Every structure is written in C-alpha cells, then in structure tokens.
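S.K.: Sending over a structure as structure tokens; questions will come in a sec.
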Amino acid sequence: MKSLTLEKANLIIHTAINKARKLIMEPITVVVLDESGHLKAMQREDGSTMIRQQIATAKAWGAVSMGISSRSLAAVATERPDFMNALMSMSEGKIMPVPGGVLIRDTKNNLIGAVGISGDISDHDERCAIAGIEAVGFIAGV
C-alpha cells in the first residue's frame with residue numbers, strides 16, 4: 001500500500017489550488033486528511049472566507065469516515081434523510097453532505113485519506129480535489 005505522505009498531501013493541495021486559479025474560481029481552502037480522519041495538511045488561499053476550513057474539513061471527514069464521497073453522502077441525504085439526520089447528530093455536525101469531499105485511494109484501492117475543498121461551487125471544488133489526487137498517482141473516489 002502506498003501511503004499518504006506530507007509531501008504528497010502538499011502536492012495535492014498545490015495542484016488543487018493551481019486548478020482553481022486556471023478555472024478562475026473564488027479563493028479556496030483545501031484540507032487533506034489521513035485514513036483515520038486526522039489532518040495531514042491544509043492551506044487557505046488569500047481571500048478565502050473564515051468558515052471555509054471547517055466546511056472543507058467536514059466534506060473530507062464525512063467522506064473518509066463513511067467510505068464514500070461527500071457527493072454520495074448528498075445522495076444519501078436526499079434518499080434517506082432520517083439516516084443522514086441521525087448521522088449528522090452522531091458525528092456532532094462534522095459531516096457536510098455536498099460535493100467537494102473526495103476519497104484518496106492507492107493503486108490497490110485501499111482507502112488512505114480524503115481531500116475536502118470549499119470556496120466555490122461544490123462541483124468546482126470537487127474537480128480541484130480530483131485533479132490534486134490524480135496528480136500524485138492516487139485514485140479519486142467520487
């Protein structure tokens with residue numbers, strides 16, 4: 001299993017931010033968590049609003065803790081709102097069920113972490129997360 005090193009986490013962030021600039025997005029905050037949901041790396045662009053770190057973390061934390069992307073969690077919230085409400089309560093609000101939280105898998109499909117991005121439209125945030133993950137040779141789980 002390939003591991004999520006600090007060097008790779010920083011490259012994910014760098015690539016995601018570069019993608020956001022190419023897409024002329026609003027300033028973003030990028031969070032990379034390890035497979036246990038612990039912070040590996042985080043950067044907030046100049047001008048990114050103050051709650052973006054918490055949103056990005058909640059997107060990534062929800063993804064890694066449930067083993068599905070935050071986009072998939074959004075579908076769960078629509079299809080099974082009672083389950084999502086219970087999950088939100090049990091996690092003390094640490095889950096954000098909207099796109100932008102993407103699983104990081106190694107080439108053997110092992111879950112090794114998640115990226116969460118907040119700052120622009122959720123679909124755009126997700127595109128940047130995918131670009132960052134793929135730049136280091138990992139598989140983006142959306």
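Labels for the structure tokens follow display order: chains A, B, ..., residues from 1 in each chain, ligands from 1.
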From a DSSP pass on the backbone, collect the residues of segment 12-139 of chain A flagged as strand (DSSP E) and hand them back as a PyMOL selection string.
M.R.: chain A and resi 29-34+39-44+101-105+111-118+139
S.K.: Take the residues that were just selected and, keeping C-alpha atoms, output them as an mmCIF file, in the first residue's frame.
M.R.:
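Once written, again.cif looks like this:
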```cif
data_model
loop_
_atom_site.group_PDB
_atom_site.id
_atom_site.type_symbol
_atom_site.label_atom_id
_atom_site.label_comp_id
_atom_site.auth_asym_id
_atom_site.auth_seq_id
_atom_site.Cartn_x
_atom_site.Cartn_y
_atom_site.Cartn_z
ATOM 1 C CA THR A 29 -9.408 26.191 1.261
ATOM 2 C CA VAL A 30 -8.012 22.678 0.816
ATOM 3 C CA VAL A 31 -7.838 20.083 3.595
ATOM 4 C CA VAL A 32 -6.156 16.674 3.342
ATOM 5 C CA LEU A 33 -6.997 14.060 5.972
ATOM 6 C CA ASP A 34 -5.403 10.650 6.505
ATOM 7 C CA LEU A 39 -5.375 16.465 9.489
ATOM 8 C CA LYS A 40 -2.394 15.853 7.223
ATOM 9 C CA ALA A 41 -2.189 19.272 5.562
ATOM 10 C CA MET A 42 -4.297 22.383 4.975
ATOM 11 C CA GLN A 43 -3.966 25.636 3.091
ATOM 12 C CA ARG A 44 -6.316 28.568 2.778
ATOM 13 C CA GLY A 101 -15.040 15.749 -0.310
ATOM 14 C CA VAL A 102 -13.201 13.103 -2.331
ATOM 15 C CA LEU A 103 -11.665 9.849 -1.128
ATOM 16 C CA ILE A 104 -7.995 9.144 -1.763
ATOM 17 C CA ARG A 105 -7.308 5.525 -2.733
ATOM 18 C CA LEU A 111 -8.556 3.963 1.398
ATOM 19 C CA ILE A 112 -5.687 6.201 2.520
ATOM 20 C CA GLY A 113 -7.409 9.542 3.131
ATOM 21 C CA ALA A 114 -9.661 12.246 1.761
ATOM 22 C CA VAL A 115 -9.497 15.757 0.351
ATOM 23 C CA GLY A 116 -12.051 18.412 1.172
ATOM 24 C CA ILE A 117 -12.299 21.727 -0.641
ATOM 25 C CA SER A 118 -14.526 24.712 -0.021
ATOM 26 C CA ILE A 139 -7.271 7.262 -7.352
#
```
S.K.: Could you name the residues that touch Gly93 of chain A at 12 Å or less, counting only C-alpha atoms, but leaving out those on the same chain fewer than 6 positions away, as a list in words?
M.R.: Gln54, Ile55, Thr57, Ala58, Lys59, Trp61, Gly62, Met84, Asn85, Ala86 and Leu87 of chain A
S.K.: Identify, on the basis of only C-alpha atoms, every residue whose closest approach to Leu11 of chain A does not exceed 12 Å; exclude the query and any residue fewer than 2 positions from it along the same chain; express the result as a list in words.
M.R.: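 Selected residues are Leu4, Thr5, Leu6, Glu7, Lys8, Ala9, Ile13, His14, Thr15, Ala16, Ile17, Asn18, Val30, Val31, Val32, Lys40, Ala41, Met42, Gln43, Val115, Ala129, Ala131, Gly132, Ile133, Glu134, Ala135, Val136, Gly137 and Phe138 of chain A.
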S.K.: Those same residues, written as a JSON list (two decimals), in the first residue's frame with N, CA and C atoms?
M.R.:
```json
[["chain", "number", "residue", "atom", "x", "y", "z"],
["A", 4, "LEU", "N", 0.02, 8.06, 2.26],
["A", 4, "LEU", "CA", -0.22, 9.48, 2.04],
["A", 4, "LEU", "C", 0.79, 10.26, 2.88],
["A", 5, "THR", "N", 1.88, 10.64, 2.24],
["A", 5, "THR", "CA", 2.93, 11.38, 2.93],
["A", 5, "THR", "C", 2.59, 12.87, 2.97],
["A", 6, "LEU", "N", 3.28, 13.59, 3.80],
["A", 6, "LEU", "CA", 3.10, 15.04, 3.85],
["A", 6, "LEU", "C", 3.47, 15.66, 2.50],
["A", 7, "GLU", "N", 4.52, 15.16, 1.88],
["A", 7, "GLU", "CA", 4.93, 15.67, 0.57],
["A", 7, "GLU", "C", 3.80, 15.51, -0.45],
["A", 8, "LYS", "N", 3.16, 14.32, -0.46],
["A", 8, "LYS", "CA", 2.07, 14.09, -1.40],
["A", 8, "LYS", "C", 0.85, 14.93, -1.05],
["A", 9, "ALA", "N", 0.56, 15.07, 0.23],
["A", 9, "ALA", "CA", -0.57, 15.90, 0.66],
["A", 9, "ALA", "C", -0.37, 17.34, 0.20],
["A", 13, "ILE", "N", -2.59, 19.62, -2.54],
["A", 13, "ILE", "CA", -3.07, 20.98, -2.27],
["A", 13, "ILE", "C", -2.59, 21.94, -3.35],
["A", 14, "HIS", "N", -1.32, 21.88, -3.66],
["A", 14, "HIS", "CA", -0.74, 22.79, -4.67],
["A", 14, "HIS", "C", -1.45, 22.63, -6.01],
["A", 15, "THR", "N", -1.66, 21.38, -6.42],
["A", 15, "THR", "CA", -2.32, 21.12, -7.70],
["A", 15, "THR", "C", -3.77, 21.60, -7.68],
["A", 16, "ALA", "N", -4.47, 21.35, -6.58],
["A", 16, "ALA", "CA", -5.87, 21.78, -6.46],
["A", 16, "ALA", "C", -5.98, 23.30, -6.55],
["A", 17, "ILE", "N", -5.10, 24.00, -5.89],
["A", 17, "ILE", "CA", -5.12, 25.47, -5.94],
["A", 17, "ILE", "C", -4.80, 25.96, -7.35],
["A", 18, "ASN", "N", -3.81, 25.35, -7.98],
["A", 18, "ASN", "CA", -3.49, 25.74, -9.37],
["A", 18, "ASN", "C", -4.68, 25.53, -10.29],
["A", 30, "VAL", "N", -8.19, 24.10, 1.10],
["A", 30, "VAL", "CA", -8.01, 22.68, 0.82],
["A", 30, "VAL", "C", -7.52, 21.98, 2.08],
["A", 31, "VAL", "N", -8.19, 20.89, 2.43],
["A", 31, "VAL", "CA", -7.84, 20.08, 3.59],
["A", 31, "VAL", "C", -7.56, 18.66, 3.13],
["A", 32, "VAL", "N", -6.47, 18.07, 3.61],
["A", 32, "VAL", "CA", -6.16, 16.67, 3.34],
["A", 32, "VAL", "C", -6.13, 15.94, 4.68],
["A", 40, "LYS", "N", -3.73, 16.07, 7.77],
["A", 40, "LYS", "CA", -2.39, 15.85, 7.22],
["A", 40, "LYS", "C", -1.81, 17.18, 6.75],
["A", 41, "ALA", "N", -2.64, 17.97, 6.06],
["A", 41, "ALA", "CA", -2.19, 19.27, 5.56],
["A", 41, "ALA", "C", -3.41, 20.13, 5.24],
["A", 42, "MET", "N", -3.21, 21.46, 5.28],
["A", 42, "MET", "CA", -4.30, 22.38, 4.98],
["A", 42, "MET", "C", -3.70, 23.70, 4.52],
["A", 43, "GLN", "N", -4.33, 24.28, 3.51],
["A", 43, "GLN", "CA", -3.97, 25.64, 3.09],
["A", 43, "GLN", "C", -5.23, 26.39, 2.74],
["A", 115, "VAL", "N", -9.72, 14.33, 0.58],
["A", 115, "VAL", "CA", -9.50, 15.76, 0.35],
["A", 115, "VAL", "C", -10.84, 16.45, 0.45],
["A", 129, "ALA", "N", -10.27, 18.88, -6.25],
["A", 129, "ALA", "CA", -9.83, 17.77, -5.39],
["A", 129, "ALA", "C", -9.38, 16.59, -6.24],
["A", 131, "ALA", "N", -8.32, 16.62, -9.34],
["A", 131, "ALA", "CA", -7.07, 16.97, -10.03],
["A", 131, "ALA", "C", -5.87, 16.80, -9.09],
["A", 132, "GLY", "N", -6.01, 17.22, -7.86],
["A", 132, "GLY", "CA", -4.91, 17.10, -6.90],
["A", 132, "GLY", "C", -4.58, 15.65, -6.59],
["A", 133, "ILE", "N", -5.60, 14.84, -6.37],
["A", 133, "ILE", "CA", -5.41, 13.43, -6.04],
["A", 133, "ILE", "C", -4.74, 12.70, -7.21],
["A", 134, "GLU", "N", -5.24, 12.93, -8.40],
["A", 134, "GLU", "CA", -4.69, 12.24, -9.57],
["A", 134, "GLU", "C", -3.27, 12.69, -9.89],
["A", 135, "ALA", "N", -2.92, 13.92, -9.53],
["A", 135, "ALA", "CA", -1.58, 14.44, -9.80],
["A", 135, "ALA", "C", -0.49, 13.66, -9.07],
["A", 136, "VAL", "N", -0.82, 13.04, -7.94],
["A", 136, "VAL", "CA", 0.18, 12.29, -7.19],
["A", 136, "VAL", "C", 0.09, 10.78, -7.45],
["A", 137, "GLY", "N", -0.74, 10.39, -8.42],
["A", 137, "GLY", "CA", -0.83, 8.99, -8.79],
["A", 137, "GLY", "C", -1.80, 8.16, -7.98],
["A", 138, "PHE", "N", -2.66, 8.83, -7.20],
["A", 138, "PHE", "CA", -3.68, 8.12, -6.45],
["A", 138, "PHE", "C", -5.00, 8.12, -7.22]]
```
S.K.: Could you please determine the separation between atom CA of Ala140 of chain A and atom CA of Arg80 of chain A in Å, to one decimal place?
M.R.: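 Atom CA of Ala140 of chain A sits 24.8 Å away from atom CA of Arg80 of chain A.
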S.K.: List every residue of chain A that DSSP, applied to the backbone of this structure, places in alpha helix (DSSP H), and write the result as a PyMOL selection string.
M.R.: chain A and resi 6-22+52-66+70-79+81-90+122-135
S.K.: Keeping only C-alpha atoms, write the selected residues to a file as a tab-separated table (two decimals), in the first residue's frame.
M.R.:
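Listed below is the output, part_9.tsv:
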```tsv
chain	number	residue	atom	x	y	z
A	6	LEU	CA	3.10	15.04	3.85
A	7	GLU	CA	4.93	15.67	0.57
A	8	LYS	CA	2.07	14.09	-1.40
A	9	ALA	CA	-0.57	15.90	0.66
A	10	ASN	CA	1.13	19.21	-0.10
A	11	LEU	CA	1.32	18.37	-3.81
A	12	ILE	CA	-2.41	17.56	-3.78
A	13	ILE	CA	-3.07	20.98	-2.27
A	14	HIS	CA	-0.74	22.79	-4.67
A	15	THR	CA	-2.32	21.12	-7.70
A	16	ALA	CA	-5.87	21.78	-6.46
A	17	ILE	CA	-5.12	25.47	-5.94
A	18	ASN	CA	-3.49	25.74	-9.37
A	19	LYS	CA	-6.58	24.13	-10.93
A	20	ALA	CA	-8.81	26.62	-9.08
A	21	ARG	CA	-6.78	29.53	-10.43
A	22	LYS	CA	-6.99	28.15	-14.00
A	52	ARG	CA	-14.12	27.50	4.68
A	53	GLN	CA	-11.65	25.43	6.72
A	54	GLN	CA	-14.49	23.91	8.75
A	55	ILE	CA	-16.56	23.21	5.62
A	56	ALA	CA	-13.63	21.62	3.75
A	57	THR	CA	-12.81	19.51	6.79
A	58	ALA	CA	-16.43	18.37	7.15
A	59	LYS	CA	-16.56	17.36	3.49
A	60	ALA	CA	-13.36	15.29	3.81
A	61	TRP	CA	-14.18	13.91	7.27
A	62	GLY	CA	-17.61	12.72	6.16
A	63	ALA	CA	-16.09	11.04	3.12
A	64	VAL	CA	-13.31	9.23	4.95
A	65	SER	CA	-15.47	8.26	7.93
A	66	MET	CA	-18.22	6.74	5.77
A	70	SER	CA	-19.38	13.75	0.04
A	71	ARG	CA	-21.24	13.79	-3.31
A	72	SER	CA	-22.50	10.28	-2.47
A	73	LEU	CA	-23.40	11.48	1.03
A	74	ALA	CA	-25.53	14.21	-0.60
A	75	ALA	CA	-27.44	11.46	-2.43
A	76	VAL	CA	-27.89	9.58	0.85
A	77	ALA	CA	-29.24	12.77	2.45
A	78	THR	CA	-31.85	13.03	-0.32
A	79	GLU	CA	-32.79	9.34	-0.38
A	81	PRO	CA	-32.98	11.95	5.26
A	82	ASP	CA	-33.68	10.28	8.62
A	83	PHE	CA	-30.44	8.31	8.33
A	84	MET	CA	-28.48	11.44	7.40
A	85	ASN	CA	-30.02	13.41	10.27
A	86	ALA	CA	-29.01	10.64	12.69
A	87	LEU	CA	-25.52	10.52	11.19
A	88	MET	CA	-25.15	14.29	11.49
A	89	SER	CA	-26.26	14.11	15.10
A	90	MET	CA	-23.95	11.21	15.98
A	122	SER	CA	-19.27	22.47	-4.78
A	123	ASP	CA	-18.91	20.83	-8.21
A	124	HIS	CA	-15.90	23.05	-8.93
A	125	ASP	CA	-14.41	22.27	-5.51
A	126	GLU	CA	-14.71	18.58	-6.33
A	127	ARG	CA	-12.97	19.00	-9.71
A	128	CYS	CA	-9.99	20.56	-7.99
A	129	ALA	CA	-9.83	17.77	-5.39
A	130	ILE	CA	-9.84	15.15	-8.14
A	131	ALA	CA	-7.07	16.97	-10.03
A	132	GLY	CA	-4.91	17.10	-6.90
A	133	ILE	CA	-5.41	13.43	-6.04
A	134	GLU	CA	-4.69	12.24	-9.57
A	135	ALA	CA	-1.58	14.44	-9.80
```
S.K.: Please compute the atom CA of Glu35 of chain A-atom CA of Lys2 of chain A distance, one decimal, in Å.
M.R.: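 Rounded to one decimal, the two atoms are 12.1 Å apart.
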S.K.: Just how far from atom CA of Met96 of chain A is atom CA of Gly119 of chain A, in Å to one decimal?
M.R.: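 It comes out at 13.7 Å.
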S.K.: Pick out the residues sitting within 9 Å of Gly47 of chain A, and hand them over as number ranges by chain; count only C-alpha atoms, and ignore anything fewer than 4 positions along from it in its own chain.
M.R.: A: 26-28
S.K.: For the residues selected in the previous step, produce a file with C-alpha atoms as a PDB file, in the first residue's frame.
M.R.:
```pdb
ATOM      1  CA  GLU A  26     -13.247  32.025  -5.827  1.00  0.00           C
ATOM      2  CA  PRO A  27     -10.412  31.558  -3.277  1.00  0.00           C
ATOM      3  CA  ILE A  28     -10.456  28.030  -1.855  1.00  0.00           C
TER       4      ILE A  28
END
```
S.K.: Compare A:Ile121, A:Ile68, A:Ser91, A:Gly141 by their minimum atom-to-atom distance to Asn109 of chain A, counting only C-alpha atoms, and give me the closest one.
M.R.: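 Checking each candidate against Asn109 of chain A, we get A:Gly141 as the closest.
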S.K.: Using only C-alpha atoms, which of A:Thr107, A:Ser3, A:Ser48, A:Ser69 sits nearest Met25 of chain A?
M.R.: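 Selected residue with least distance to Met25 of chain A: A:Ser48.
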